[in-house]
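Shown next: protein.cif, containing mmCIF, C-alpha atoms and all ligand atoms.
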data_protein
loop_
_atom_site.label_atom_id
_atom_site.label_comp_id
_atom_site.auth_asym_id
_atom_site.auth_seq_id
_atom_site.Cartn_x
_atom_site.Cartn_y
_atom_site.Cartn_z
CA MET A 525 -2.54 17.14 30.82
CA ASN A 526 0.27 16.48 28.39
CA ILE A 527 -0.96 16.70 24.80
CA LEU A 528 0.70 13.37 24.05
CA ASP A 529 -1.69 11.74 26.53
CA LEU A 530 -4.84 12.92 24.76
CA SER A 531 -6.97 10.07 23.42
CA CYS A 532 -6.98 11.61 19.92
CA VAL A 533 -3.17 11.53 19.79
CA ASN A 534 -3.17 7.91 20.94
CA ASP A 535 -5.79 7.06 18.34
CA ILE A 536 -3.67 8.39 15.46
CA ARG A 537 -0.45 6.84 16.77
CA ASN A 538 -2.04 3.41 17.10
CA ILE A 539 -4.04 3.39 13.89
CA SER A 540 -1.17 4.69 11.75
CA ARG A 541 1.02 1.85 12.98
CA LEU A 542 -1.71 -0.68 12.21
CA ILE A 543 -2.31 0.82 8.76
CA PHE A 544 1.40 0.61 7.98
CA LYS A 545 1.42 -3.06 9.04
CA LYS A 546 -1.52 -3.75 6.74
CA GLY A 547 0.48 -2.34 3.83
CA TRP A 548 -1.89 0.57 3.27
CA GLY A 549 0.49 3.32 4.43
CA GLU A 550 3.56 3.05 2.21
CA ALA A 551 6.00 5.98 2.39
CA ASN A 552 3.98 9.16 2.94
CA GLY A 553 0.70 7.65 1.71
CA GLY A 554 -2.40 8.40 3.79
CA ASN A 555 -3.50 11.12 6.19
CA ILE A 556 -5.76 11.43 9.22
CA SER A 557 -7.58 14.24 10.98
CA ILE A 558 -9.63 14.41 14.17
CA ARG A 559 -11.91 17.26 15.24
CA ILE A 560 -10.93 17.57 18.88
CA PRO A 561 -13.71 17.87 21.48
CA ALA A 562 -13.69 21.09 23.54
CA ASP A 563 -13.20 19.20 26.81
CA GLU A 564 -9.97 17.64 25.49
CA ILE A 565 -8.73 20.96 24.13
CA ASN A 566 -9.36 22.65 27.48
CA LEU A 567 -7.08 20.10 29.16
CA CYS A 568 -4.04 21.16 27.16
CA LYS A 569 -4.48 24.74 25.91
CA ASN A 570 -1.72 25.86 28.25
CA GLN A 571 0.82 24.05 26.03
CA PHE A 572 -0.22 25.78 22.81
CA VAL A 573 2.22 28.02 20.97
CA ARG A 574 0.42 29.87 18.20
CA GLY A 575 2.17 30.02 14.84
CA ASP A 576 1.39 32.19 11.83
CA GLU A 577 -2.11 32.12 10.37
CA VAL A 578 -2.42 30.37 7.00
CA LYS A 579 -5.17 31.50 4.63
CA LEU A 580 -7.30 28.82 2.93
CA PRO A 581 -8.88 29.09 -0.53
CA TYR A 582 -12.28 28.03 0.86
CA THR A 583 -14.55 29.08 3.73
CA MET A 584 -16.07 26.65 6.23
CA PRO A 585 -18.37 28.46 8.67
CA GLY A 586 -19.69 25.10 9.94
CA ILE A 587 -16.38 24.28 11.64
CA ALA A 588 -15.10 27.81 12.32
CA GLY A 589 -13.09 28.07 15.53
CA GLU A 590 -12.67 24.29 15.86
CA TYR A 591 -9.41 22.51 16.65
CA PHE A 592 -8.11 19.60 14.55
CA LEU A 593 -5.32 17.10 15.09
CA VAL A 594 -3.88 16.50 11.60
CA THR A 595 -1.06 14.35 10.23
CA GLY A 596 1.72 16.38 8.63
CA THR A 597 2.52 16.58 4.95
CA GLY A 598 5.16 14.11 3.79
CA VAL A 599 4.90 12.14 7.03
CA PHE A 600 5.51 8.39 6.84
CA PHE A 601 2.83 6.44 8.74
CA ARG A 602 5.50 4.09 10.04
CA HIS A 603 7.15 7.00 11.87
CA ILE A 604 4.10 8.52 13.55
CA TYR A 605 4.03 6.22 16.58
CA ASP A 606 7.61 7.02 17.57
CA SER A 607 7.64 10.72 16.65
CA PRO A 608 4.16 12.14 17.24
CA GLU A 609 5.33 15.71 17.91
CA GLU A 610 7.09 15.87 14.55
CA SER A 611 4.47 13.93 12.60
CA LEU A 612 1.30 15.48 14.00
CA GLY A 613 0.03 18.96 14.69
CA ILE A 614 -3.00 20.73 16.10
CA VAL A 615 -4.47 23.60 14.08
CA GLN A 616 -7.33 25.94 14.91
CA LEU A 617 -9.63 27.42 12.30
CA ASN A 618 -10.33 31.13 12.62
CA GLU A 619 -13.76 32.53 13.40
CA THR A 620 -14.76 32.80 9.75
CA GLY A 621 -13.47 29.35 8.81
CA ASP A 622 -11.14 30.49 6.03
CA ALA A 623 -7.73 30.26 7.70
CA TYR A 624 -5.94 28.09 10.24
CA THR A 625 -3.28 28.66 12.84
CA PRO A 626 -0.95 25.85 14.03
CA VAL A 627 -0.92 25.70 17.82
CA TRP A 628 1.06 22.52 18.56
CA GLY A 629 3.29 19.91 16.90
CA TYR A 630 5.03 19.85 13.50
CA THR A 631 8.19 20.42 15.54
CA THR A 632 10.57 20.04 12.62
CA GLY A 633 8.87 22.74 10.58
CA GLY A 634 6.12 20.68 9.01
CA ARG A 635 2.58 21.64 8.16
CA PRO A 636 -0.74 19.80 7.73
CA THR A 637 -1.30 17.18 5.05
CA SER A 638 -1.55 18.28 1.44
CA GLU A 639 -5.05 16.76 1.49
CA LEU A 640 -6.22 19.28 4.10
CA SER A 641 -9.02 20.49 1.80
CA SER A 642 -10.57 17.01 1.58
CA HIS A 643 -10.30 16.63 5.35
CA LEU A 644 -11.67 20.00 6.44
CA LEU A 645 -14.42 20.23 3.82
CA SER A 646 -15.50 16.67 4.71
CA HIS A 647 -15.44 17.49 8.43
CA GLU A 648 -17.76 20.41 7.82
CA VAL A 649 -20.23 18.21 5.94
CA ARG A 650 -20.09 15.28 8.34
CA LYS A 651 -20.36 17.47 11.45
CA GLU A 652 -23.64 18.88 10.19
CA ILE A 653 -25.06 15.59 8.94
CA SER A 654 -24.17 13.67 12.10
CA ASN A 655 -25.22 16.43 14.51
CA GLY A 656 -21.64 16.82 15.61
CA GLN A 657 -20.98 13.11 16.16
CA ASN A 658 -18.52 12.46 13.30
CA ARG A 659 -15.05 13.61 14.33
CA ILE A 660 -12.74 11.40 12.29
CA ILE A 661 -11.63 11.60 8.66
CA LEU A 662 -9.25 8.82 7.61
CA HIS A 663 -7.59 8.47 4.22
CA THR A 664 -5.51 5.43 3.36
CA HIS A 665 -4.32 3.46 0.35
CA ALA A 666 -6.31 0.27 0.99
CA THR A 667 -4.86 -2.16 -1.52
CA ASN A 668 -7.88 -4.16 -2.59
CA LEU A 669 -10.21 -1.19 -2.88
CA ILE A 670 -7.69 0.51 -5.17
CA ALA A 671 -7.32 -2.65 -7.26
CA MET A 672 -11.11 -2.96 -7.48
CA SER A 673 -11.30 0.56 -8.96
CA PHE A 674 -9.54 -0.76 -12.08
CA VAL A 675 -12.06 -3.49 -12.85
CA LEU A 676 -15.49 -2.15 -11.82
CA PRO A 677 -17.41 0.69 -13.50
CA LEU A 678 -16.83 3.79 -11.36
CA LYS A 679 -20.43 4.10 -10.24
CA ALA A 680 -21.53 4.20 -6.58
CA GLU A 681 -24.43 1.80 -7.08
CA ILE A 682 -22.27 -0.85 -8.79
CA VAL A 683 -19.31 -0.62 -6.39
CA THR A 684 -21.72 -0.67 -3.43
CA ARG A 685 -23.70 -3.65 -4.73
CA GLU A 686 -20.59 -5.69 -5.48
CA LEU A 687 -19.21 -5.07 -1.98
CA TRP A 688 -22.57 -5.80 -0.30
CA GLU A 689 -22.77 -9.15 -2.09
CA MET A 690 -19.41 -10.31 -0.73
CA MET A 691 -20.35 -10.35 2.97
CA SER A 692 -23.61 -9.95 4.86
CA GLU A 693 -21.83 -7.53 7.19
CA CYS A 694 -21.23 -4.95 4.45
CA LEU A 695 -24.79 -3.75 3.97
CA VAL A 696 -25.27 -3.57 7.71
CA LEU A 697 -22.09 -1.53 8.25
CA PHE A 698 -22.44 0.82 5.30
CA PRO A 699 -26.09 0.80 4.19
CA GLU A 700 -25.67 4.22 2.58
CA GLY A 701 -23.14 2.68 0.19
CA VAL A 702 -19.79 3.88 -1.08
CA GLY A 703 -19.37 7.17 -2.92
CA VAL A 704 -17.08 6.94 -5.94
CA LEU A 705 -14.86 9.60 -7.49
CA ASP A 706 -13.18 9.28 -10.86
CA TRP A 707 -9.43 9.83 -10.69
CA MET A 708 -8.65 13.42 -9.82
CA MET A 709 -5.44 15.32 -9.09
CA PRO A 710 -4.61 14.82 -5.38
CA GLY A 711 -3.85 17.68 -3.04
CA LYS A 712 -6.11 20.24 -4.71
CA SER A 713 -9.22 22.05 -3.52
CA GLU A 714 -11.25 20.48 -6.37
CA ILE A 715 -10.85 16.94 -5.04
CA GLY A 716 -11.71 18.31 -1.60
CA TYR A 717 -14.98 19.79 -2.85
CA ALA A 718 -15.83 16.60 -4.76
CA THR A 719 -15.07 14.38 -1.75
CA ALA A 720 -17.09 16.54 0.63
CA GLU A 721 -20.03 16.54 -1.80
CA LEU A 722 -20.08 12.70 -1.70
CA MET A 723 -19.66 12.77 2.09
CA LYS A 724 -23.16 14.28 2.25
CA ALA A 725 -24.51 10.82 1.46
CA HIS A 726 -21.67 8.40 2.31
CA ARG A 727 -19.11 7.84 5.06
CA LEU A 728 -16.91 5.96 2.57
CA VAL A 729 -15.66 7.67 -0.58
CA LEU A 730 -13.50 5.71 -3.02
CA TRP A 731 -10.85 7.70 -4.86
CA ALA A 732 -10.38 5.65 -8.00
CA HIS A 733 -6.81 4.41 -8.57
CA HIS A 734 -5.71 6.13 -5.37
CA GLY A 735 -7.37 5.14 -2.08
CA ILE A 736 -10.34 5.54 0.22
CA PHE A 737 -11.71 8.22 2.57
CA ALA A 738 -13.78 7.30 5.61
CA ALA A 739 -15.66 9.36 8.19
CA GLY A 740 -16.70 8.15 11.62
CA VAL A 741 -17.62 8.94 15.18
CA SER A 742 -14.50 7.11 16.33
CA MET A 743 -11.27 5.80 14.86
CA ASP A 744 -12.59 2.27 15.34
CA GLN A 745 -15.67 3.07 13.29
CA ALA A 746 -13.82 4.83 10.44
CA PHE A 747 -11.14 2.15 10.28
CA GLY A 748 -13.75 -0.61 10.62
CA LEU A 749 -15.58 0.71 7.57
CA ILE A 750 -12.39 0.63 5.52
CA GLU A 751 -11.18 -2.78 6.68
CA THR A 752 -14.60 -4.31 6.00
CA ALA A 753 -14.91 -2.73 2.55
CA ASP A 754 -11.34 -3.72 1.71
CA LYS A 755 -11.93 -7.33 2.74
CA ALA A 756 -15.03 -7.43 0.56
CA ALA A 757 -13.00 -5.98 -2.33
CA GLU A 758 -10.34 -8.63 -1.75
CA MET A 759 -12.94 -11.37 -1.99
CA LEU A 760 -14.47 -9.82 -5.08
CA LEU A 761 -11.07 -9.84 -6.79
CA LYS A 762 -10.56 -13.48 -5.78
CA VAL A 763 -13.99 -14.42 -7.09
CA MET A 764 -13.27 -12.64 -10.37
CA ALA A 765 -9.89 -14.38 -10.63
CA ALA A 766 -11.59 -17.73 -9.98
CA GLY A 767 -13.85 -17.27 -12.96
CA GLY A 768 -16.61 -15.04 -11.61
CA LYS A 769 -19.72 -15.46 -9.46
CA GLN A 770 -21.87 -18.53 -9.92
CA GLN A 771 -24.33 -17.29 -7.28
CA ALA A 772 -24.62 -14.39 -4.84
CA ILE A 773 -26.91 -12.71 -2.30
CA SER A 774 -29.88 -11.40 -4.29
CA ALA A 775 -31.37 -7.91 -4.18
CA GLU A 776 -34.36 -9.35 -2.35
CA GLN A 777 -32.13 -10.99 0.26
CA LEU A 778 -30.19 -7.74 0.69
CA GLN A 779 -33.47 -5.94 1.38
CA GLN A 780 -34.37 -8.62 3.94
CA LEU A 781 -30.99 -8.05 5.59
CA ALA A 782 -31.63 -4.30 5.73
CA ASP A 783 -35.07 -4.88 7.26
CA ALA A 784 -33.69 -7.29 9.85
CA PHE A 785 -31.00 -4.81 10.96
CA ASN A 786 -33.28 -1.78 10.65
CA VAL A 787 -31.07 0.10 8.19
CA VAL A 788 -32.04 1.97 5.03
CA PRO A 789 -29.98 0.71 2.08
CA LEU A 790 -28.88 2.84 -0.88
CA LYS A 791 -31.83 2.10 -3.14
CA GLU A 792 -29.91 2.54 -6.41
CA ALA A 793 -27.76 -0.46 -5.41
CA LEU A 794 -30.73 -2.80 -5.10
CA TYR A 795 -31.17 -3.22 -8.83
ZN ZN A 801 -3.50 9.28 -0.81
#

Now, as a test, write the supplied structure out as structure tokens.
Ligand SMILES: [Zn+2]
Amino acid sequence: MNILDLSCVNDIRNISRLIFKKGWGEANGGNISIRIPADEINLCKNQFVRGDEVKLPYTMPGIAGEYFLVTGTGVFFRHIYDSPEESLGIVQLNETGDAYTPVWGYTTGGRPTSELSSHLLSHEVRKEISNGQNRIILHTHATNLIAMSFVLPLKAEIVTRELWEMMSECLVLFPEGVGVLDWMMPGKSEIGYATAELMKAHRLVLWAHHGIFAAGVSMDQAFGLIETADKAAEMLLKVMAAGGKQQAISAEQLQQLADAFNVVPLKEALY
């Protein structure tokens, strides 16, 4: 099977085009990674050409030996659909989880995203927490969520509560709430560690004044989390611009919603 026909490659090509159209993927903003299932890898191993091993400054035994499809550094989302072999690459972690080897893609000499630490460290956390189900990590510059990070206190319980109040769907889709990071320098291991720490409790992690990270079992789920949270943030900004809330869904009603949909809400947000 041609690597370009793998479902994971199609997922990234399609979602990157959609993200660009939504205005969340300007220039080289955003990055995506997928932990590739063994059955998909086995279909295309014959096309792999192993490059040089690259040492990482962290060790991830939980995902050692795994293969990841990762967007390249400096890649423009609007180019991924038409040039997947240049824009994307597959890397394999070594057996100790502290180095990777490119095995496909990056045909014009590229390498994985500069946010590789946030991706891989989050994959390790989410793989364990989801019993192997979560395979997607998606980072994008969702406009309204970024704008919201300038006007709300940067606390998970407040950001979560404000988003939950905007649409009944929010609590049902992300009952565990949104993790929130203060602004940090992008592209460093430190922001990777901090993101992965919040991924222990949340599939959505807001990077203040920068963007959002989402984890999911599928691209639809990860993207769905972001588009729902971003729509709620858009409404919150509109409500604030219109003079502020006159009424909203109460904490008691939010608990009723959680009970009705059989989800466990982040209790700190039900103040
Ligand atoms: Zn970014």

As a short mmCIF file (atom, residue, chain, number, x, y, z; two decimals) with C-alpha atoms, keeping the file's coordinate frame, please: the residues near Leu593 of chain A (cut-off 10 Å, only C-alpha atoms, same-chain neighbours under 6 positions excluded).
data_model
loop_
_atom_site.label_atom_id
_atom_site.label_comp_id
_atom_site.auth_asym_id
_atom_site.auth_seq_id
_atom_site.Cartn_x
_atom_site.Cartn_y
_atom_site.Cartn_z
CA CYS A 532 -6.98 11.61 19.92
CA VAL A 533 -3.17 11.53 19.79
CA ILE A 536 -3.67 8.39 15.46
CA ILE A 556 -5.76 11.43 9.22
CA SER A 557 -7.58 14.24 10.98
CA ILE A 558 -9.63 14.41 14.17
CA ARG A 559 -11.91 17.26 15.24
CA ILE A 560 -10.93 17.57 18.88
CA LEU A 612 1.30 15.48 14.00
CA GLY A 613 0.03 18.96 14.69
CA ILE A 614 -3.00 20.73 16.10
CA VAL A 615 -4.47 23.60 14.08
CA GLN A 616 -7.33 25.94 14.91
CA PRO A 626 -0.95 25.85 14.03
CA TRP A 628 1.06 22.52 18.56
CA GLY A 629 3.29 19.91 16.90
CA PRO A 636 -0.74 19.80 7.73
CA ILE A 660 -12.74 11.40 12.29
#

Per residue of chain A within 9 Å of ligand ZN 801 (chain A), record the nearest atom pair and its distance in Å to one decimal, counting only C-alpha atoms and all ligand atoms, with rows in chain order and ascending residue number, as a tab-separated table.
residue	atom	partner	partner_atom	distance
A:Gly549	CA	A:ZN801	ZN	8.9
A:Asn552	CA	A:ZN801	ZN	8.4
A:Gly553	CA	A:ZN801	ZN	5.2
A:Gly554	CA	A:ZN801	ZN	4.8
A:Asn555	CA	A:ZN801	ZN	7.2
A:Glu639	CA	A:ZN801	ZN	8.0
A:His663	CA	A:ZN801	ZN	6.5
A:Thr664	CA	A:ZN801	ZN	6.0
A:His665	CA	A:ZN801	ZN	6.0
A:Pro710	CA	A:ZN801	ZN	7.3
A:Gly711	CA	A:ZN801	ZN	8.7
A:Trp731	CA	A:ZN801	ZN	8.5
A:His734	CA	A:ZN801	ZN	6.0
A:Gly735	CA	A:ZN801	ZN	5.8
A:Ile736	CA	A:ZN801	ZN	7.9
A:Phe737	CA	A:ZN801	ZN	8.9

For this session: Quote the spacing between atom CA of Lys724 of chain A and atom CA of Pro699 of chain A in Å to one decimal place.
Result: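 About the pair atom CA of Lys724 of chain A and atom CA of Pro699 of chain A: they are 13.9 Å apart.
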
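Minimum distance to Ala793 of chain A across A:Ala720, A:Leu640, A:Leu695, A:Ile715 (counting only C-alpha atoms) occurs at A:Leu695.
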
Could you make a table, as a tab-separated table, of the residues of segment 592-639 of chain A that have an atom within 6 Å of an atom of segment 537-540 of chain A, each with its nearest atom pair and distance in Å to one decimal, counting only C-alpha atoms, in chain and number order?
residue	atom	partner	partner_atom	distance
A:Phe601	CA	A:Ser540	CA	5.3
A:Ile604	CA	A:Arg537	CA	5.8
A:Tyr605	CA	A:Arg537	CA	4.5

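Between atom CA of Gly748 of chain A and atom CA of Tyr795 of chain A lies a distance of 26.2 Å.
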
For this session: Pick out the closest residue to Ser673 of chain A from this set: A:Tyr717, A:Thr595, A:Ser774, A:Leu761. Count only C-alpha atoms.
Result: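 Of all the options, A:Leu761 lies closest to Ser673 of chain A.
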
Problem set entry | Near-Ile565 of chain A list (10 Å; only C-alpha atoms; drop same-chain fewer than 5 positions) as a list of chain:residue names |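 Contacts, with the query itself left out: A:Met525, A:Ile527, A:Leu530, A:Ile560, A:Asn570, A:Phe572, A:Glu590, A:Tyr591, A:Phe592, A:Ile614.
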
Problem set entry | Ala784 of chain A surroundings by only C-alpha atoms, 12 Å radius, close-in-sequence under 4 positions cut, as a ChimeraX atom specification | /A:692,695-696,777-780,788-789

Problem set entry | Atom-to-atom span, atom CA of Glu700 of chain A and atom CA of His726 of chain A, Å |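 Separating atom CA of Glu700 of chain A from atom CA of His726 of chain A is a distance of 5.8 Å.
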
For this session: Name the closest residue to Met764 of chain A among the candidates A:Leu528, A:Leu676, A:Val594, A:Ala739; distances are taken between atoms, counting all atoms listed in the file.
Result: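 Under the stated criterion, the closest residue is A:Leu676.
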
Exercise. Which one is closest to Glu721 of chain A: A:Ala765, A:Leu662, A:Leu645, A:Leu687? Count all atoms listed in the file.
Worked result: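 Among the listed residues, the smallest separation from Glu721 of chain A belongs to A:Leu645.
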
Seminar exercise, completed: Using all atoms listed in the file, the best pick from A:Arg541, A:Lys755, A:Lys679, A:Lys712 as closest to Pro608 of chain A would be A:Arg541

Exercise. Pick from A:Glu758, A:Glu686, A:Asp706, A:Glu610: nearest to Ala772 of chain A, with all atoms listed in the file counted?
Worked result: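 Once distances to Ala772 of chain A are computed over all atoms listed in the file, the minimum belongs to A:Glu686.
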
Could you add N, CA and C atoms to segment 694-722 of chain A and give me the result as a PDB file, keeping the file's coordinate frame?
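The resulting file, out21.pdb, is shown below:
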ATOM      1  N   CYS A 694     -21.479  -6.217   5.160  1.00  0.00           N
ATOM      2  CA  CYS A 694     -21.230  -4.950   4.450  1.00  0.00           C
ATOM      3  C   CYS A 694     -22.454  -4.052   4.421  1.00  0.00           C
ATOM      4  N   LEU A 695     -23.591  -4.588   4.037  1.00  0.00           N
ATOM      5  CA  LEU A 695     -24.790  -3.750   3.970  1.00  0.00           C
ATOM      6  C   LEU A 695     -25.154  -3.202   5.337  1.00  0.00           C
ATOM      7  N   VAL A 696     -24.925  -4.005   6.358  1.00  0.00           N
ATOM      8  CA  VAL A 696     -25.270  -3.570   7.710  1.00  0.00           C
ATOM      9  C   VAL A 696     -24.339  -2.435   8.164  1.00  0.00           C
ATOM     10  N   LEU A 697     -23.056  -2.540   7.810  1.00  0.00           N
ATOM     11  CA  LEU A 697     -22.090  -1.530   8.250  1.00  0.00           C
ATOM     12  C   LEU A 697     -22.139  -0.260   7.418  1.00  0.00           C
ATOM     13  N   PHE A 698     -22.342  -0.392   6.106  1.00  0.00           N
ATOM     14  CA  PHE A 698     -22.440   0.820   5.300  1.00  0.00           C
ATOM     15  C   PHE A 698     -23.651   0.769   4.368  1.00  0.00           C
ATOM     16  N   PRO A 699     -24.845   0.856   4.984  1.00  0.00           N
ATOM     17  CA  PRO A 699     -26.090   0.800   4.190  1.00  0.00           C
ATOM     18  C   PRO A 699     -26.208   1.949   3.188  1.00  0.00           C
ATOM     19  N   GLU A 700     -25.586   3.081   3.500  1.00  0.00           N
ATOM     20  CA  GLU A 700     -25.670   4.220   2.580  1.00  0.00           C
ATOM     21  C   GLU A 700     -24.763   4.055   1.368  1.00  0.00           C
ATOM     22  N   GLY A 701     -23.985   2.975   1.341  1.00  0.00           N
ATOM     23  CA  GLY A 701     -23.140   2.680   0.190  1.00  0.00           C
ATOM     24  C   GLY A 701     -21.850   3.473   0.164  1.00  0.00           C
ATOM     25  N   VAL A 702     -21.105   3.260  -0.911  1.00  0.00           N
ATOM     26  CA  VAL A 702     -19.790   3.880  -1.080  1.00  0.00           C
ATOM     27  C   VAL A 702     -19.874   4.921  -2.190  1.00  0.00           C
ATOM     28  N   GLY A 703     -19.479   6.160  -1.879  1.00  0.00           N
ATOM     29  CA  GLY A 703     -19.370   7.170  -2.920  1.00  0.00           C
ATOM     30  C   GLY A 703     -18.133   6.902  -3.767  1.00  0.00           C
ATOM     31  N   VAL A 704     -18.193   7.245  -5.039  1.00  0.00           N
ATOM     32  CA  VAL A 704     -17.080   6.940  -5.940  1.00  0.00           C
ATOM     33  C   VAL A 704     -16.686   8.182  -6.734  1.00  0.00           C
ATOM     34  N   LEU A 705     -15.400   8.494  -6.696  1.00  0.00           N
ATOM     35  CA  LEU A 705     -14.860   9.600  -7.490  1.00  0.00           C
ATOM     36  C   LEU A 705     -13.991   9.047  -8.604  1.00  0.00           C
ATOM     37  N   ASP A 706     -14.155   9.556  -9.807  1.00  0.00           N
ATOM     38  CA  ASP A 706     -13.180   9.280 -10.860  1.00  0.00           C
ATOM     39  C   ASP A 706     -11.820   9.785 -10.402  1.00  0.00           C
ATOM     40  N   TRP A 707     -10.762   9.341 -11.067  1.00  0.00           N
ATOM     41  CA  TRP A 707      -9.430   9.830 -10.690  1.00  0.00           C
ATOM     42  C   TRP A 707      -9.399  11.352 -10.798  1.00  0.00           C
ATOM     43  N   MET A 708      -8.845  11.976  -9.795  1.00  0.00           N
ATOM     44  CA  MET A 708      -8.650  13.420  -9.820  1.00  0.00           C
ATOM     45  C   MET A 708      -7.257  13.723  -9.283  1.00  0.00           C
ATOM     46  N   MET A 709      -6.756  14.898  -9.594  1.00  0.00           N
ATOM     47  CA  MET A 709      -5.440  15.320  -9.090  1.00  0.00           C
ATOM     48  C   MET A 709      -5.499  15.430  -7.561  1.00  0.00           C
ATOM     49  N   PRO A 710      -4.614  14.702  -6.848  1.00  0.00           N
ATOM     50  CA  PRO A 710      -4.610  14.820  -5.380  1.00  0.00           C
ATOM     51  C   PRO A 710      -4.111  16.185  -4.925  1.00  0.00           C
ATOM     52  N   GLY A 711      -4.440  16.503  -3.677  1.00  0.00           N
ATOM     53  CA  GLY A 711      -3.850  17.680  -3.040  1.00  0.00           C
ATOM     54  C   GLY A 711      -4.434  19.014  -3.481  1.00  0.00           C
ATOM     55  N   LYS A 712      -5.517  18.996  -4.219  1.00  0.00           N
ATOM     56  CA  LYS A 712      -6.110  20.240  -4.710  1.00  0.00           C
ATOM     57  C   LYS A 712      -7.472  20.484  -4.046  1.00  0.00           C
ATOM     58  N   SER A 713      -7.906  21.733  -4.091  1.00  0.00           N
ATOM     59  CA  SER A 713      -9.220  22.050  -3.520  1.00  0.00           C
ATOM     60  C   SER A 713     -10.339  21.314  -4.251  1.00  0.00           C
ATOM     61  N   GLU A 714     -10.170  21.102  -5.574  1.00  0.00           N
ATOM     62  CA  GLU A 714     -11.250  20.480  -6.370  1.00  0.00           C
ATOM     63  C   GLU A 714     -11.587  19.084  -5.855  1.00  0.00           C
ATOM     64  N   ILE A 715     -10.570  18.302  -5.538  1.00  0.00           N
ATOM     65  CA  ILE A 715     -10.850  16.940  -5.040  1.00  0.00           C
ATOM     66  C   ILE A 715     -11.446  17.036  -3.636  1.00  0.00           C
ATOM     67  N   GLY A 716     -11.112  18.090  -2.916  1.00  0.00           N
ATOM     68  CA  GLY A 716     -11.710  18.310  -1.600  1.00  0.00           C
ATOM     69  C   GLY A 716     -13.197  18.605  -1.708  1.00  0.00           C
ATOM     70  N   TYR A 717     -13.560  19.487  -2.631  1.00  0.00           N
ATOM     71  CA  TYR A 717     -14.980  19.790  -2.850  1.00  0.00           C
ATOM     72  C   TYR A 717     -15.743  18.537  -3.288  1.00  0.00           C
ATOM     73  N   ALA A 718     -15.144  17.792  -4.222  1.00  0.00           N
ATOM     74  CA  ALA A 718     -15.830  16.600  -4.760  1.00  0.00           C
ATOM     75  C   ALA A 718     -16.003  15.544  -3.672  1.00  0.00           C
ATOM     76  N   THR A 719     -14.986  15.371  -2.834  1.00  0.00           N
ATOM     77  CA  THR A 719     -15.070  14.380  -1.750  1.00  0.00           C
ATOM     78  C   THR A 719     -16.140  14.796  -0.740  1.00  0.00           C
ATOM     79  N   ALA A 720     -16.121  16.058  -0.361  1.00  0.00           N
ATOM     80  CA  ALA A 720     -17.090  16.540   0.630  1.00  0.00           C
ATOM     81  C   ALA A 720     -18.523  16.439   0.087  1.00  0.00           C
ATOM     82  N   GLU A 721     -18.698  16.667  -1.202  1.00  0.00           N
ATOM     83  CA  GLU A 721     -20.030  16.540  -1.800  1.00  0.00           C
ATOM     84  C   GLU A 721     -20.548  15.102  -1.621  1.00  0.00           C
ATOM     85  N   LEU A 722     -19.671  14.110  -1.861  1.00  0.00           N
ATOM     86  CA  LEU A 722     -20.080  12.700  -1.700  1.00  0.00           C
ATOM     87  C   LEU A 722     -20.254  12.339  -0.231  1.00  0.00           C
TER      88      LEU A 722
END
